[in-house]
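Below: one structure, written as structure tokens.
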Amino acid sequence: MTTLRPGPGTTARALASLLVQSGALRHPLRARDAARFGLAGAIALAAARDPAAVALWRGEESIGTGALLAEVRALAAALAVAPGERIGVRSDGGIGFVAALAGAQAAGADVVPLGPRLAPADVAGLGLARVLDPRRGAGGATTPWRPGRLLLLSTGTTGAPVATARGRLGLGALAQLADADRRIAFPRGPLLLLAPPDHGHGLSALVAALLRGAPVVLASGLPPDEQARLAARHRPAAVSGVPAQLARLLEAGGLGGARVVVTGSSPLDAALRHELEATGARVHDGFGATGVGTVAIDGRPLAGVRLRRADDGTLHVRSPLGGPREVATGDRVEWARGRMRPAGRAGDLVDSGGELVDPARLRDLLTSHPGVARAEVTVVADDLLGVVLHAHVDADPAIETELRATIAARLSRAEHPRRLVIGPRDPAR
């Protein structure tokens, strides 16, 4: 067998669940907006359902669904956007970022979320007409929304970030999101979101929570001890994050009594799964890619998704969120009892804490420096992140400060070497 598909009736069951949980039957026009406008439409539907309900928390700050919608409308009205204009929105992981992202998309822009780990050189290479900082609206005038596209960053064949468009959030894509929620069976209560909302993992979790009426505690980028304090204060029903974030949260103080843990973006090893389950939580492992969204939960494909294992063992995906094309993910996979099981990456890219990096980018940057005679980059196993990069540079140690500044300006944080040794290589090694 080379192809996995969801069972018959999966899409119908997923949409039925979404209709019940989202309030779409009572607010059909807002439900239509959710399908057309993505994040902004999900906020509008949440506000129609209960405008006083808390939508988001960030630290000590919170905002209701109605107030969040007013900010999105004000921001959309304030942006003069040319058709197809590409706008970047810097992410601080907070409420202002969510509002700005939704507002720019509702204004008709092609919107690129920019995470804080991106290098300035990579941002400069994205062809952005302008970049918005996280911002809050003050209400006021509104204009009709125009559906813009959301362009998420993925790692291209060169390792450099590439803006990738997902398909429209139509019925098929909504069924794909809803089926993930149905499989996981989230209990009622807040979602503690560790995954960055500028990445596909975190953004999908955010939109799905808004659709089902769950308040979201935005914890991305905060220190683990602060995330643990938020978990203890809000007592989340569920936690979502990459394995490295979940491991740090456990070490810092625990899950706050969460009954469900959803992970993804990076392999979940058996030891961490055991630690998470020992807290009493149900653990669900999601699998996806930037261009196609989450496509499987616990190895089984979601509604509308087709998983194909090519002859070379790599995974090819067709999904509603990915549009009509089949996407090669670059992951090696195996089939086991009707489930997909990841078996590592194909090619030169490696997974470091949920981010794909190309060691050659670091090596090429180091060797391009005029003071470097030779550079060697190695991929080293790491208990928390899976792998990290180490580098040895044959150069005068006096250039270390300059070299580190070049790395910071040109490469994302995941590509920075965890260990950088500058000096002649010991010939005996």
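Residue numbering restarts at 1 in every chain; chains get A, B, ... in the order shown in the structure tokens, and ligands count up from 1 in that same order.
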Under the rule of at most 9 Å, produce a per-residue listing of region 71-145 of chain A near region 206-227 of chain A: chain, number, name, the closest pair of atoms, and the distance in Å, as a Markdown table, using only C-alpha atoms.
```
| residue | atom | partner | partner_atom | distance |
| --- | --- | --- | --- | --- |
| A:Asp92 | CA | A:Gly221 | CA | 7.7 |
| A:Gly93 | CA | A:Ser220 | CA | 5.7 |
| A:Gly94 | CA | A:Leu218 | CA | 6.4 |
| A:Ile95 | CA | A:Leu218 | CA | 7.9 |
| A:Pro116 | CA | A:Gly221 | CA | 8.7 |
```
*With a distance cut-off of 8 Å and only C-alpha atoms, select the neighbouring residues of His416 (chain A), excluding the residue or stretch itself and same-chain residues fewer than 6 positions from it, and output the selection as a list in words.*
Leu362, Leu389, Ile407 and Ala408 of chain A
Write to file, as a PDB file, in the first residue's frame, the residues of the selection just made, with N, CA and C atoms.
```pdb
ATOM      1  N   LEU A 362      25.103  27.890   6.912  1.00  0.00           N
ATOM      2  CA  LEU A 362      26.070  28.366   7.896  1.00  0.00           C
ATOM      3  C   LEU A 362      27.492  28.200   7.366  1.00  0.00           C
ATOM      4  N   LEU A 389      23.636  22.698  15.473  1.00  0.00           N
ATOM      5  CA  LEU A 389      24.823  22.871  14.650  1.00  0.00           C
ATOM      6  C   LEU A 389      26.015  23.306  15.505  1.00  0.00           C
ATOM      7  N   ILE A 407      26.678  36.386  11.464  1.00  0.00           N
ATOM      8  CA  ILE A 407      25.740  35.273  11.613  1.00  0.00           C
ATOM      9  C   ILE A 407      24.372  35.791  12.046  1.00  0.00           C
ATOM     10  N   ALA A 408      24.360  36.710  13.032  1.00  0.00           N
ATOM     11  CA  ALA A 408      23.097  37.238  13.546  1.00  0.00           C
ATOM     12  C   ALA A 408      22.323  37.995  12.476  1.00  0.00           C
TER      13      ALA A 408
END
```
*Neighbour list for Pro342 (chain A) as a VMD selection string, cut-off 8 Å, only C-alpha atoms, skip fewer than 6 positions in-chain*: chain A and resid 267 331 to 334
*Identify all residues of region 19-174 of chain A in strand (DSSP E) (DSSP on the backbone) and supply them as a ChimeraX atom specification.*
/A:54-58,61-64,86-90,110-114,130-132,151-155,161-165
*Excluding Thr294 (chain A) and residues on its chain fewer than 2 positions from it, collect all residues at most 10 Å away from it, counting only C-alpha atoms, and give them as number ranges by chain.*
A: 176-177, 180, 200-201, 204-205, 264-265, 286-292, 296-297, 301-302, 305, 319, 321
Since we have the selection now, will you write its residues out, keeping N, CA and C atoms, as an mmCIF file, in the first residue's frame?
```cif
data_model
loop_
_atom_site.group_PDB
_atom_site.id
_atom_site.type_symbol
_atom_site.label_atom_id
_atom_site.label_comp_id
_atom_site.auth_asym_id
_atom_site.auth_seq_id
_atom_site.Cartn_x
_atom_site.Cartn_y
_atom_site.Cartn_z
ATOM 1 N N GLN A 176 -10.823 20.023 7.100
ATOM 2 C CA GLN A 176 -9.506 19.523 7.498
ATOM 3 C C GLN A 176 -9.166 19.976 8.919
ATOM 4 N N LEU A 177 -9.378 21.278 9.210
ATOM 5 C CA LEU A 177 -9.146 21.784 10.565
ATOM 6 C C LEU A 177 -10.097 21.138 11.571
ATOM 7 N N ALA A 180 -9.292 17.570 12.697
ATOM 8 C CA ALA A 180 -8.247 17.495 13.721
ATOM 9 C C ALA A 180 -8.850 17.718 15.101
ATOM 10 N N GLY A 200 2.773 27.839 10.879
ATOM 11 C CA GLY A 200 1.554 27.116 10.536
ATOM 12 C C GLY A 200 0.969 26.351 11.701
ATOM 13 N N HIS A 201 1.809 25.700 12.507
ATOM 14 C CA HIS A 201 1.347 24.927 13.659
ATOM 15 C C HIS A 201 0.547 25.812 14.612
ATOM 16 N N SER A 204 -2.712 27.510 12.959
ATOM 17 C CA SER A 204 -3.830 26.579 12.806
ATOM 18 C C SER A 204 -4.506 26.317 14.146
ATOM 19 N N ALA A 205 -3.696 26.148 15.200
ATOM 20 C CA ALA A 205 -4.262 25.915 16.531
ATOM 21 C C ALA A 205 -5.067 27.121 17.005
ATOM 22 N N GLY A 264 3.549 18.563 17.612
ATOM 23 C CA GLY A 264 3.779 18.456 16.180
ATOM 24 C C GLY A 264 4.994 19.256 15.787
ATOM 25 N N SER A 265 5.253 19.360 14.472
ATOM 26 C CA SER A 265 6.352 20.125 13.874
ATOM 27 C C SER A 265 7.715 19.496 14.066
ATOM 28 N N GLY A 286 0.507 15.486 16.026
ATOM 29 C CA GLY A 286 0.102 15.967 14.721
ATOM 30 C C GLY A 286 1.270 15.970 13.751
ATOM 31 N N PHE A 287 0.944 15.879 12.477
ATOM 32 C CA PHE A 287 1.977 15.935 11.437
ATOM 33 C C PHE A 287 1.483 16.849 10.329
ATOM 34 N N GLY A 288 2.357 17.713 9.850
ATOM 35 C CA GLY A 288 1.965 18.605 8.771
ATOM 36 C C GLY A 288 3.166 19.266 8.135
ATOM 37 N N ALA A 289 2.891 20.165 7.223
ATOM 38 C CA ALA A 289 3.918 20.957 6.554
ATOM 39 C C ALA A 289 3.320 22.317 6.247
ATOM 40 N N THR A 290 4.192 23.298 6.041
ATOM 41 C CA THR A 290 3.730 24.677 5.894
ATOM 42 C C THR A 290 2.696 24.835 4.791
ATOM 43 N N GLY A 291 2.958 24.247 3.628
ATOM 44 C CA GLY A 291 2.085 24.466 2.490
ATOM 45 C C GLY A 291 0.789 23.695 2.510
ATOM 46 N N VAL A 292 0.669 22.685 3.385
ATOM 47 C CA VAL A 292 -0.514 21.818 3.359
ATOM 48 C C VAL A 292 -1.266 21.783 4.686
ATOM 49 N N ALA A 296 -2.306 14.977 9.394
ATOM 50 C CA ALA A 296 -2.553 13.710 10.080
ATOM 51 C C ALA A 296 -2.502 13.925 11.584
ATOM 52 N N ILE A 297 -3.345 13.204 12.289
ATOM 53 C CA ILE A 297 -3.299 13.154 13.746
ATOM 54 C C ILE A 297 -3.059 11.701 14.132
ATOM 55 N N PRO A 301 -4.684 10.142 8.282
ATOM 56 C CA PRO A 301 -4.946 11.361 7.514
ATOM 57 C C PRO A 301 -6.275 12.007 7.892
ATOM 58 N N LEU A 302 -6.300 13.340 7.794
ATOM 59 C CA LEU A 302 -7.498 14.114 8.117
ATOM 60 C C LEU A 302 -8.424 14.202 6.911
ATOM 61 N N VAL A 305 -7.630 14.673 2.956
ATOM 62 C CA VAL A 305 -6.182 14.553 2.786
ATOM 63 C C VAL A 305 -5.835 13.203 2.141
ATOM 64 N N SER A 319 -3.925 18.103 0.010
ATOM 65 C CA SER A 319 -4.859 18.474 1.070
ATOM 66 C C SER A 319 -5.643 19.708 0.664
ATOM 67 N N LEU A 321 -6.074 22.462 2.350
ATOM 68 C CA LEU A 321 -5.314 23.664 2.675
ATOM 69 C C LEU A 321 -4.145 23.875 1.721
#
```
*Among region 328-411 of chain A, which ones does DSSP place in alpha helix (DSSP H), written as number ranges by chain?*
A: 359-368, 400-410
Mind writing the picked residues with N, CA and C atoms as a PDB file, in the first residue's frame?
```pdb
ATOM      1  N   PRO A 359      22.573  23.007   7.078  1.00  0.00           N
ATOM      2  CA  PRO A 359      23.933  23.283   7.577  1.00  0.00           C
ATOM      3  C   PRO A 359      24.805  24.003   6.559  1.00  0.00           C
ATOM      4  N   ALA A 360      24.511  23.800   5.264  1.00  0.00           N
ATOM      5  CA  ALA A 360      25.333  24.437   4.233  1.00  0.00           C
ATOM      6  C   ALA A 360      25.217  25.955   4.266  1.00  0.00           C
ATOM      7  N   ARG A 361      24.076  26.477   4.708  1.00  0.00           N
ATOM      8  CA  ARG A 361      23.927  27.938   4.778  1.00  0.00           C
ATOM      9  C   ARG A 361      24.938  28.530   5.757  1.00  0.00           C
ATOM     10  N   LEU A 362      25.103  27.890   6.912  1.00  0.00           N
ATOM     11  CA  LEU A 362      26.070  28.366   7.896  1.00  0.00           C
ATOM     12  C   LEU A 362      27.492  28.200   7.366  1.00  0.00           C
ATOM     13  N   ARG A 363      27.783  27.033   6.787  1.00  0.00           N
ATOM     14  CA  ARG A 363      29.137  26.792   6.273  1.00  0.00           C
ATOM     15  C   ARG A 363      29.499  27.801   5.179  1.00  0.00           C
ATOM     16  N   ASP A 364      28.571  28.045   4.248  1.00  0.00           N
ATOM     17  CA  ASP A 364      28.849  28.975   3.148  1.00  0.00           C
ATOM     18  C   ASP A 364      29.053  30.396   3.668  1.00  0.00           C
ATOM     19  N   LEU A 365      28.267  30.791   4.676  1.00  0.00           N
ATOM     20  CA  LEU A 365      28.423  32.130   5.229  1.00  0.00           C
ATOM     21  C   LEU A 365      29.777  32.283   5.902  1.00  0.00           C
ATOM     22  N   LEU A 366      30.178  31.271   6.662  1.00  0.00           N
ATOM     23  CA  LEU A 366      31.460  31.350   7.354  1.00  0.00           C
ATOM     24  C   LEU A 366      32.625  31.396   6.367  1.00  0.00           C
ATOM     25  N   THR A 367      32.580  30.551   5.347  1.00  0.00           N
ATOM     26  CA  THR A 367      33.698  30.508   4.398  1.00  0.00           C
ATOM     27  C   THR A 367      33.753  31.744   3.499  1.00  0.00           C
ATOM     28  N   SER A 368      32.647  32.480   3.396  1.00  0.00           N
ATOM     29  CA  SER A 368      32.650  33.694   2.571  1.00  0.00           C
ATOM     30  C   SER A 368      33.352  34.855   3.252  1.00  0.00           C
ATOM     31  N   GLU A 400      36.167  37.014  16.029  1.00  0.00           N
ATOM     32  CA  GLU A 400      34.976  36.324  16.551  1.00  0.00           C
ATOM     33  C   GLU A 400      33.776  37.258  16.668  1.00  0.00           C
ATOM     34  N   THR A 401      33.963  38.457  17.223  1.00  0.00           N
ATOM     35  CA  THR A 401      32.835  39.382  17.398  1.00  0.00           C
ATOM     36  C   THR A 401      32.216  39.740  16.045  1.00  0.00           C
ATOM     37  N   GLU A 402      33.069  40.023  15.069  1.00  0.00           N
ATOM     38  CA  GLU A 402      32.586  40.364  13.728  1.00  0.00           C
ATOM     39  C   GLU A 402      31.856  39.182  13.097  1.00  0.00           C
ATOM     40  N   LEU A 403      32.393  37.974  13.296  1.00  0.00           N
ATOM     41  CA  LEU A 403      31.793  36.785  12.712  1.00  0.00           C
ATOM     42  C   LEU A 403      30.419  36.504  13.320  1.00  0.00           C
ATOM     43  N   ARG A 404      30.308  36.651  14.631  1.00  0.00           N
ATOM     44  CA  ARG A 404      29.005  36.423  15.294  1.00  0.00           C
ATOM     45  C   ARG A 404      27.984  37.464  14.851  1.00  0.00           C
ATOM     46  N   ALA A 405      28.408  38.700  14.642  1.00  0.00           N
ATOM     47  CA  ALA A 405      27.487  39.744  14.161  1.00  0.00           C
ATOM     48  C   ALA A 405      26.999  39.420  12.744  1.00  0.00           C
ATOM     49  N   THR A 406      27.872  38.877  11.907  1.00  0.00           N
ATOM     50  CA  THR A 406      27.473  38.487  10.559  1.00  0.00           C
ATOM     51  C   THR A 406      26.453  37.358  10.599  1.00  0.00           C
ATOM     52  N   ILE A 407      26.678  36.386  11.464  1.00  0.00           N
ATOM     53  CA  ILE A 407      25.740  35.273  11.613  1.00  0.00           C
ATOM     54  C   ILE A 407      24.372  35.791  12.046  1.00  0.00           C
ATOM     55  N   ALA A 408      24.360  36.710  13.032  1.00  0.00           N
ATOM     56  CA  ALA A 408      23.097  37.238  13.546  1.00  0.00           C
ATOM     57  C   ALA A 408      22.323  37.995  12.476  1.00  0.00           C
ATOM     58  N   ALA A 409      23.023  38.677  11.593  1.00  0.00           N
ATOM     59  CA  ALA A 409      22.350  39.479  10.566  1.00  0.00           C
ATOM     60  C   ALA A 409      21.862  38.645   9.390  1.00  0.00           C
ATOM     61  N   ARG A 410      22.503  37.506   9.130  1.00  0.00           N
ATOM     62  CA  ARG A 410      22.220  36.768   7.903  1.00  0.00           C
ATOM     63  C   ARG A 410      21.452  35.467   8.104  1.00  0.00           C
TER      64      ARG A 410
END
```
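Restricting the calculation to only C-alpha atoms, the smallest distance between Pro424 (chain A) and any of A:Arg13, A:His392, A:Arg58, A:Arg149 is found for A:His392.
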Contacts of Ala70 (chain A) at 12 Å (only C-alpha atoms; same-chain gap of 3+ positions) as a PDB file with C-alpha atoms, in the first residue's frame:
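Listed below is the output, selection06.pdb:
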```pdb
ATOM      1  CA  ALA A  40     -10.267  37.569  10.557  1.00  0.00           C
ATOM      2  CA  ILE A  43     -12.631  36.249  14.931  1.00  0.00           C
ATOM      3  CA  ALA A  44     -15.871  37.648  13.449  1.00  0.00           C
ATOM      4  CA  ALA A  47     -17.616  37.707  18.253  1.00  0.00           C
ATOM      5  CA  ALA A  48     -21.076  36.941  16.820  1.00  0.00           C
ATOM      6  CA  PRO A  51     -18.818  39.285  22.000  1.00  0.00           C
ATOM      7  CA  ILE A  63      -9.183  40.910  25.089  1.00  0.00           C
ATOM      8  CA  GLY A  64     -12.741  39.841  24.321  1.00  0.00           C
ATOM      9  CA  THR A  65     -13.906  38.609  20.951  1.00  0.00           C
ATOM     10  CA  GLY A  66     -15.975  41.745  20.270  1.00  0.00           C
ATOM     11  CA  ALA A  67     -13.118  44.109  21.145  1.00  0.00           C
ATOM     12  CA  ARG A  73     -11.904  46.207  11.501  1.00  0.00           C
ATOM     13  CA  ALA A  74     -10.145  49.451  12.435  1.00  0.00           C
ATOM     14  CA  LEU A  75      -6.782  48.179  11.247  1.00  0.00           C
ATOM     15  CA  ALA A  76      -8.258  46.918   7.965  1.00  0.00           C
ATOM     16  CA  ALA A  77      -9.845  50.335   7.375  1.00  0.00           C
ATOM     17  CA  ALA A  99      -4.940  41.828  15.346  1.00  0.00           C
ATOM     18  CA  ALA A 100      -2.466  43.196  12.784  1.00  0.00           C
ATOM     19  CA  ALA A 102      -6.028  39.578  10.671  1.00  0.00           C
ATOM     20  CA  GLY A 103      -6.475  43.264   9.807  1.00  0.00           C
ATOM     21  CA  ARG A 136      -3.679  47.738  18.187  1.00  0.00           C
ATOM     22  CA  GLY A 137      -6.657  49.517  16.600  1.00  0.00           C
ATOM     23  CA  ALA A 138      -8.726  52.161  18.354  1.00  0.00           C
ATOM     24  CA  GLY A 139     -12.077  51.529  16.710  1.00  0.00           C
ATOM     25  CA  GLY A 140     -13.670  54.007  14.353  1.00  0.00           C
ATOM     26  CA  ALA A 141     -14.424  53.744  10.654  1.00  0.00           C
ATOM     27  CA  THR A 142     -14.775  50.411   8.910  1.00  0.00           C
ATOM     28  CA  THR A 143     -14.631  49.385   5.271  1.00  0.00           C
TER      29      THR A 143
END
```
Name all residues at most 12 Å from Gly323 (chain A) (count only C-alpha atoms; drop same-chain ones fewer than 2 positions away) and give them as a CSV table (one decimal) with N, CA and C atoms, in the first residue's frame.
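Saved as selection_17.csv:
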```csv
chain,number,residue,atom,x,y,z
A,164,THR,N,5.1,30.9,1.2
A,164,THR,CA,4.2,29.9,0.6
A,164,THR,C,2.8,30.1,0.9
A,165,ALA,N,2.0,30.2,-0.2
A,165,ALA,CA,0.5,30.4,-0.1
A,165,ALA,C,-0.2,29.1,0.2
A,166,ARG,N,-1.1,29.2,1.2
A,166,ARG,CA,-2.0,28.1,1.4
A,166,ARG,C,-3.3,28.3,0.6
A,167,GLY,N,-4.1,27.2,0.4
A,167,GLY,CA,-5.3,27.4,-0.3
A,167,GLY,C,-6.3,28.2,0.6
A,168,ARG,N,-7.4,28.7,-0.1
A,168,ARG,CA,-8.4,29.4,0.6
A,168,ARG,C,-9.0,28.6,1.7
A,169,LEU,N,-9.5,29.2,2.8
A,169,LEU,CA,-10.1,28.5,3.9
A,169,LEU,C,-11.6,28.2,3.5
A,170,GLY,N,-11.8,27.4,2.5
A,170,GLY,CA,-13.2,27.0,2.1
A,170,GLY,C,-13.7,25.9,2.9
A,172,GLY,N,-13.6,22.7,2.3
A,172,GLY,CA,-12.7,21.5,2.4
A,172,GLY,C,-11.6,21.8,3.5
A,173,ALA,N,-11.1,23.0,3.4
A,173,ALA,CA,-10.0,23.4,4.4
A,173,ALA,C,-10.6,23.4,5.8
A,291,GLY,N,3.0,24.2,3.6
A,291,GLY,CA,2.1,24.5,2.5
A,291,GLY,C,0.8,23.7,2.5
A,292,VAL,N,0.7,22.7,3.4
A,292,VAL,CA,-0.5,21.8,3.4
A,292,VAL,C,-1.3,21.8,4.7
A,293,GLY,N,-0.7,22.4,5.7
A,293,GLY,CA,-1.4,22.4,7.0
A,293,GLY,C,-1.1,21.1,7.8
A,304,GLY,N,-10.3,15.0,3.7
A,304,GLY,CA,-9.9,15.5,2.4
A,304,GLY,C,-8.4,15.4,2.1
A,305,VAL,N,-7.6,14.7,3.0
A,305,VAL,CA,-6.2,14.6,2.8
A,305,VAL,C,-5.8,13.2,2.1
A,317,VAL,N,1.8,14.8,-0.4
A,317,VAL,CA,0.5,15.2,0.2
A,317,VAL,C,-0.3,16.0,-0.7
A,318,ARG,N,-1.6,15.6,-0.7
A,318,ARG,CA,-2.6,16.5,-1.3
A,318,ARG,C,-3.6,16.8,-0.2
A,319,SER,N,-3.9,18.1,0.0
A,319,SER,CA,-4.9,18.5,1.1
A,319,SER,C,-5.6,19.7,0.7
A,320,PRO,N,-6.8,19.9,1.3
A,320,PRO,CA,-7.6,21.1,0.9
A,320,PRO,C,-6.8,22.4,1.2
A,321,LEU,N,-6.1,22.5,2.4
A,321,LEU,CA,-5.3,23.7,2.7
A,321,LEU,C,-4.1,23.9,1.7
A,325,ARG,N,-2.6,21.1,-5.9
A,325,ARG,CA,-1.3,20.4,-6.2
A,325,ARG,C,-0.9,19.4,-5.1
A,326,GLU,N,-0.1,18.4,-5.6
A,326,GLU,CA,0.5,17.5,-4.6
A,326,GLU,C,1.8,18.1,-4.2
A,327,VAL,N,2.1,18.0,-2.9
A,327,VAL,CA,3.2,18.6,-2.3
A,327,VAL,C,4.2,17.6,-1.8
```
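Each of A:Val388, A:Val377, A:Ala231, A:Leu101 was compared to Val421 (chain A) using only C-alpha atoms, and A:Val377 turns out to be the nearest.
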*Could you state the separation of CA of Thr378 (chain A) and CA of Arg413 (chain A) in Å, given to one decimal place?*
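Interatomic distance here is 16.3 Å.
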*Between A:Leu19, A:Leu203, A:Leu246, A:Ala14, which one has atoms that come closest to Phe97 (chain A), using only C-alpha atoms?*
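Looking only at the distances to Phe97 (chain A), the closest residue turns out to be A:Leu203.
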*A:Pro113, A:Arg345, A:Gly88, A:Gln21: which is nearest Arg188 (chain A), counting only C-alpha atoms?*
A:Gln21
*Which value, in Å to one decimal, gives the distance between CA of Gly7 (chain A) and CA of Arg339 (chain A)?*
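These two atoms are separated by 12.3 Å.
Each of A:Arg374, A:Arg259, A:Arg309, A:Arg300 was checked against Gly280 (chain A) using only C-alpha atoms; the smallest atom-to-atom distance is that of A:Arg259.
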Polymer residues at most 7 Å from Ser412 (chain A), only C-alpha atoms, same-chain spacing of 2 or more positions, as a PDB file with C-alpha atoms, in the first residue's frame:
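Written out: around.pdb:
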```pdb
ATOM      1  CA  ARG A 117      13.878  34.331  14.974  1.00  0.00           C
ATOM      2  CA  LEU A 118      14.226  35.479  11.339  1.00  0.00           C
ATOM      3  CA  ALA A 119      17.435  37.137  10.229  1.00  0.00           C
ATOM      4  CA  ALA A 414      17.905  28.051  14.565  1.00  0.00           C
ATOM      5  CA  GLU A 415      20.874  28.223  12.161  1.00  0.00           C
ATOM      6  CA  HIS A 416      23.250  29.792  14.690  1.00  0.00           C
TER       7      HIS A 416
END
```
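Note that the spacing between CA of Leu171 (chain A) and CA of Ala104 (chain A) amounts to 22.6 Å.
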